[in-house]
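See structure below.
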Amino acid sequence: MRPGASPAHVAIIMDGNGRWAKARGLPRLAGHRAGVEALRKTVQAAPDLGISYLTVYAFSSENWSRPKSEISDLMGLLKLFIRRDLAELHQNGVRVRVVGDKSTLQRDIRQLLEEAEALTRDNTALTLVIAFNYGGRDEIVRTARRLAQAAARGDIEASAITVESFAGALDTAGIPDPEIVIRTSGELRLSNFLLWQSAYSELVFLPCYWPDFNREHLADALREFAGRERRFGGVAVEDVAL
C-alpha cells in the first residue's frame, strides 16, 4: 500500500452504546438503537472514503453473559437492521459477509444472516463484514481444531499447516487483514477482536461513544492513518531495525 493511501480494510469496535444512553438518562436499548443508526451512516460513507472492506464488531461471544433482556433487544435490532436495510445494501452494491460461530445461533437468526450473505454474494462496491457471535480466541481455536481433525484423518499433512494455510482456514478467509482498527468510547484494548488479523494493523482509539460516530470521525481516523503511513513509509514499525 502506498504511503498516504486510504486503507482498503477498516475494522471497527463499536463501543459505548450503553454509556451514551446512561449519560442521557435513557435505557440501554436507546443506545443500541442509536448505534444502529451510526452503523448505517458509516456503511454509507465507507465507499466514498475509498474503503473496500468494513468489518464491525456487532456481537461478541462474550456478550451472551449480558442480561437476557438486553440480548433479546440486540437480536431484535439485528433482525430489524437486516430486514429494513438489506434491500438498500444490495441495491448499493454492498456484499454482506458474516464471521463468527454460527452453529450456536438461533435458527431464525442464522437463516437471516445466511440469506443476507446469499443475496449480496456478487456485490463489489463494499464488503460489510459483520462479526457476530465472534471472538478472536474462539476463531483461532475452532480453526486449529478443524485443521487438527483434518490432519488426524490424513486429509492434510501436519507439516503443511503454515501461516498462510492457517489464515486461509479462518472465518475471514479471502478477506485482507485490516490496515486499521478503530475503537470508540476511549477504551484502549482490542477485546478479543480479530486477534490474528490485526497483528500489524494500526490502532486508532477515539473518545467518542459509538452512537456519536459519524463520517467526520471516520475521515479523521483515516487522516491519522495516512499520517502514520507518511511517517513510516508504509513499513510496519516492528519490521524496522532500531
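Each chain in the C-alpha cells gets a letter, A, B, ..., in the order shown, and its residues are numbered from 1; ligands are numbered from 1 in order too.
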
Picked from stretch 25-200 of chain A by DSSP as helix (DSSP H, G or I), as a PyMOL selection string: chain A and resi 28-45+47-49+63-65+68-91+107-119+136-153+158-160+163-167

All strand (DSSP E) positions in stretch 3-202 of chain A, as an MDAnalysis selection string: chainID A and resid 9:13 53:60 94:99 126:134 180:183 202

Within 10 Å of stretch 143-152 of chain A, counting only C-alpha atoms, which residues show up once you throw out same-chain ones fewer than 4 positions away? Write them as a short mmCIF file (atom, residue, chain, number, x, y, z; two decimals) with N, CA and C atoms, in the first residue's frame, please.
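Output saved as around_7.cif:
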```
data_model
loop_
_atom_site.label_atom_id
_atom_site.label_comp_id
_atom_site.auth_asym_id
_atom_site.auth_seq_id
_atom_site.Cartn_x
_atom_site.Cartn_y
_atom_site.Cartn_z
N ARG A 137 -10.13 -15.42 20.03
CA ARG A 137 -9.56 -16.66 20.54
C ARG A 137 -10.40 -17.86 20.09
N ASP A 138 -11.73 -17.70 20.14
CA ASP A 138 -12.62 -18.79 19.71
C ASP A 138 -12.38 -19.13 18.25
N GLU A 139 -12.22 -18.09 17.41
CA GLU A 139 -11.97 -18.33 15.99
C GLU A 139 -10.69 -19.12 15.78
N ILE A 156 -4.68 -33.89 5.37
CA ILE A 156 -3.55 -32.98 5.19
C ILE A 156 -2.38 -33.46 6.04
N GLU A 157 -1.20 -33.03 5.67
CA GLU A 157 -0.02 -33.30 6.49
C GLU A 157 0.14 -32.18 7.51
N ALA A 158 0.47 -32.54 8.74
CA ALA A 158 0.66 -31.52 9.76
C ALA A 158 1.72 -30.50 9.34
N SER A 159 2.72 -30.97 8.62
CA SER A 159 3.79 -30.09 8.18
C SER A 159 3.32 -29.08 7.13
N ALA A 160 2.14 -29.34 6.56
CA ALA A 160 1.61 -28.44 5.54
C ALA A 160 0.87 -27.25 6.13
N ILE A 161 0.68 -27.27 7.45
CA ILE A 161 -0.02 -26.16 8.11
C ILE A 161 0.97 -25.01 8.29
N SER A 165 -1.74 -21.08 5.23
CA SER A 165 -2.84 -22.04 5.20
C SER A 165 -3.75 -21.88 6.41
N PHE A 166 -3.17 -21.52 7.55
CA PHE A 166 -3.98 -21.28 8.75
C PHE A 166 -4.89 -20.07 8.52
N ALA A 167 -4.33 -19.01 7.97
CA ALA A 167 -5.13 -17.81 7.68
C ALA A 167 -6.26 -18.14 6.71
N GLY A 168 -5.97 -19.04 5.77
CA GLY A 168 -6.98 -19.42 4.79
C GLY A 168 -8.08 -20.28 5.36
N ALA A 169 -7.91 -20.77 6.58
CA ALA A 169 -8.94 -21.59 7.23
C ALA A 169 -9.73 -20.81 8.28
N LEU A 170 -9.36 -19.55 8.52
CA LEU A 170 -10.07 -18.72 9.48
C LEU A 170 -11.43 -18.30 8.92
N ASP A 171 -12.28 -17.75 9.79
CA ASP A 171 -13.58 -17.25 9.35
C ASP A 171 -13.42 -16.20 8.26
#
```

Nearest candidate to A:Ile13 (options A:Arg189, A:Arg183, A:Arg230, A:Arg121; using only C-alpha atoms):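 Smallest separation from A:Ile13 among the options: A:Arg183.
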
Spatial neighbours of stretch 63-70 of chain A, 8 Å, only C-alpha atoms, chain gap at least 2 places, as a VMD selection string: chain A and resid 28 to 29 59 to 61 72 to 74 133

Among listed residues A:Ala58, A:Leu26, A:Val94, A:Ala34, nearest A:Ala131 (using only C-alpha atoms): A:Ala58

Among the residues A:Ala116, A:Ala173, A:Ile130, A:Leu206, the one that comes closest to A:Leu188 [using only C-alpha atoms]: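 Of A:Ala116, A:Ala173, A:Ile130, A:Leu206, the one nearest A:Leu188 is A:Leu206, counting only C-alpha atoms.
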
Pairwise distance for atom CA of A:Phe193 and atom CA of A:Gln91, rounded to one decimal in Å: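 Result for atom CA of A:Phe193 versus atom CA of A:Gln91: 29.3 Å, one decimal.
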
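Restricting the calculation to only C-alpha atoms, the smallest distance between A:Glu62 and any of A:Ile140, A:Val204, A:Thr184, A:Phe132 is found for A:Phe132.
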